[in-house]
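Written below as structure tokens is the structure these notes are about.
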Amino acid sequence: MVNQLSFRLFVLPLLLIIQTDINAQTTKVLLPTKEQGPWECVYYLLNSNDDLNNIDDIRWTGRCANEDEWIWGHGPFSNSDDQFLHTFWASQVQPLLIRRHFTLSAADIAALDRSTLTVTCSYDENPRFYLNGTSFWSITGWNDNDYLSRTLTSRHKALLKEGDNVLAVSLMQGWGGGHIDYGFTMLTYDDSDAILQVVDDAVESLWPTSGASTIWHLYSKR
């Protein structure tokens, strides 16, 4: 018969792994990709890459940037009849600027420290992403029809505000193909009390003894 001390030394590291693996999660789509259908945005077409290089980023990437002269429309964008074509973009001729708004509640802001926020994109070419006016991701080249993801750091999360937020992107004029599809998701882990109950149930099913339950509760309530 395994005594309680031996049981605790053997099982508790395993419980930590179980607890990590079965954390309850909720996913909130802040900005959808084309998989959820066309997405709303405002966009602006520049005349050349020189214009893109010389533009003051804060003039168009911030939450309160003037959108009076922007075009309201839907993405994704492409220069050819492919899976990304919803709005035509003559990428061989003009760089593209896109602004997309999303809303965060007070509860969303409070949950940021236990959430993973991820930007996912397929691009061609040379996109640069901005969150509420701050550049946080710049990519060289293109990724064909694949998708690339970037998880926000704590520093980037600090840029988020309750209420309206903007995730903007610029793309350069280039030869050959050209497209952009991107989205933004928030994966939040639920409160630890709910997690502990699930793990406790799992322990009881594996070791249906009062000792197992008692030891787990002694550990989980520390």
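Residue numbers start at 1 in each chain; chains themselves are named A, B, ... in the order of the structure tokens; ligands are numbered from 1 in the order shown.
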Under the rule of at most 10 Å, produce a per-residue listing of range 82-136 of chain A near range 180-191 of chain A: chain, number, name, the closest pair of atoms, and the distance in Å, as JSON lines, using only C-alpha atoms.
```
{"residue": "A:Phe84", "atom": "CA", "partner": "A:Asp181", "partner_atom": "CA", "distance": 7.0}
{"residue": "A:Leu85", "atom": "CA", "partner": "A:Ile180", "partner_atom": "CA", "distance": 9.2}
{"residue": "A:Trp89", "atom": "CA", "partner": "A:Ile180", "partner_atom": "CA", "distance": 9.5}
{"residue": "A:Leu96", "atom": "CA", "partner": "A:Ile180", "partner_atom": "CA", "distance": 9.6}
{"residue": "A:Ile98", "atom": "CA", "partner": "A:Ile180", "partner_atom": "CA", "distance": 9.7}
{"residue": "A:Arg100", "atom": "CA", "partner": "A:Gly183", "partner_atom": "CA", "distance": 9.6}
{"residue": "A:Phe102", "atom": "CA", "partner": "A:Phe184", "partner_atom": "CA", "distance": 9.4}
{"residue": "A:Asp108", "atom": "CA", "partner": "A:Met186", "partner_atom": "CA", "distance": 8.9}
{"residue": "A:Ala111", "atom": "CA", "partner": "A:Thr188", "partner_atom": "CA", "distance": 7.0}
{"residue": "A:Leu112", "atom": "CA", "partner": "A:Thr188", "partner_atom": "CA", "distance": 7.8}
{"residue": "A:Asp113", "atom": "CA", "partner": "A:Thr188", "partner_atom": "CA", "distance": 9.0}
{"residue": "A:Arg114", "atom": "CA", "partner": "A:Tyr189", "partner_atom": "CA", "distance": 5.9}
{"residue": "A:Ser115", "atom": "CA", "partner": "A:Thr188", "partner_atom": "CA", "distance": 4.2}
{"residue": "A:Thr116", "atom": "CA", "partner": "A:Leu187", "partner_atom": "CA", "distance": 5.1}
{"residue": "A:Leu117", "atom": "CA", "partner": "A:Met186", "partner_atom": "CA", "distance": 4.5}
{"residue": "A:Thr118", "atom": "CA", "partner": "A:Thr185", "partner_atom": "CA", "distance": 5.4}
{"residue": "A:Val119", "atom": "CA", "partner": "A:Phe184", "partner_atom": "CA", "distance": 4.6}
{"residue": "A:Thr120", "atom": "CA", "partner": "A:Gly183", "partner_atom": "CA", "distance": 5.3}
{"residue": "A:Cys121", "atom": "CA", "partner": "A:Tyr182", "partner_atom": "CA", "distance": 4.1}
{"residue": "A:Ser122", "atom": "CA", "partner": "A:Asp181", "partner_atom": "CA", "distance": 5.3}
{"residue": "A:Tyr123", "atom": "CA", "partner": "A:Ile180", "partner_atom": "CA", "distance": 4.5}
{"residue": "A:Asp124", "atom": "CA", "partner": "A:Ile180", "partner_atom": "CA", "distance": 6.4}
{"residue": "A:Glu125", "atom": "CA", "partner": "A:Ile180", "partner_atom": "CA", "distance": 8.2}
{"residue": "A:Pro127", "atom": "CA", "partner": "A:Ile180", "partner_atom": "CA", "distance": 8.6}
```
* Counting only C-alpha atoms, figure out which residue out of A:Asp144, A:Glu69, A:Leu167, A:Leu131 gets nearest to Asp82 in chain A. => A:Asp144
Do you know which residues are at most 7 Å from Ser48 in chain A counting only C-alpha atoms, after dropping those on the same chain fewer than 3 positions away, and could you put them as a PDB file with C-alpha atoms, in the first residue's frame?
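Dumped everything to out02.pdb:
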```pdb
ATOM      1  CA  ASP A  51       4.683  57.380 -50.453  1.00  0.00           C
ATOM      2  CA  LEU A  52       4.450  54.433 -48.069  1.00  0.00           C
ATOM      3  CA  GLN A  94      -0.303  50.672 -55.456  1.00  0.00           C
ATOM      4  CA  PRO A  95       0.590  50.002 -51.803  1.00  0.00           C
ATOM      5  CA  GLN A 173       3.512  47.460 -54.034  1.00  0.00           C
TER       6      GLN A 173
END
```
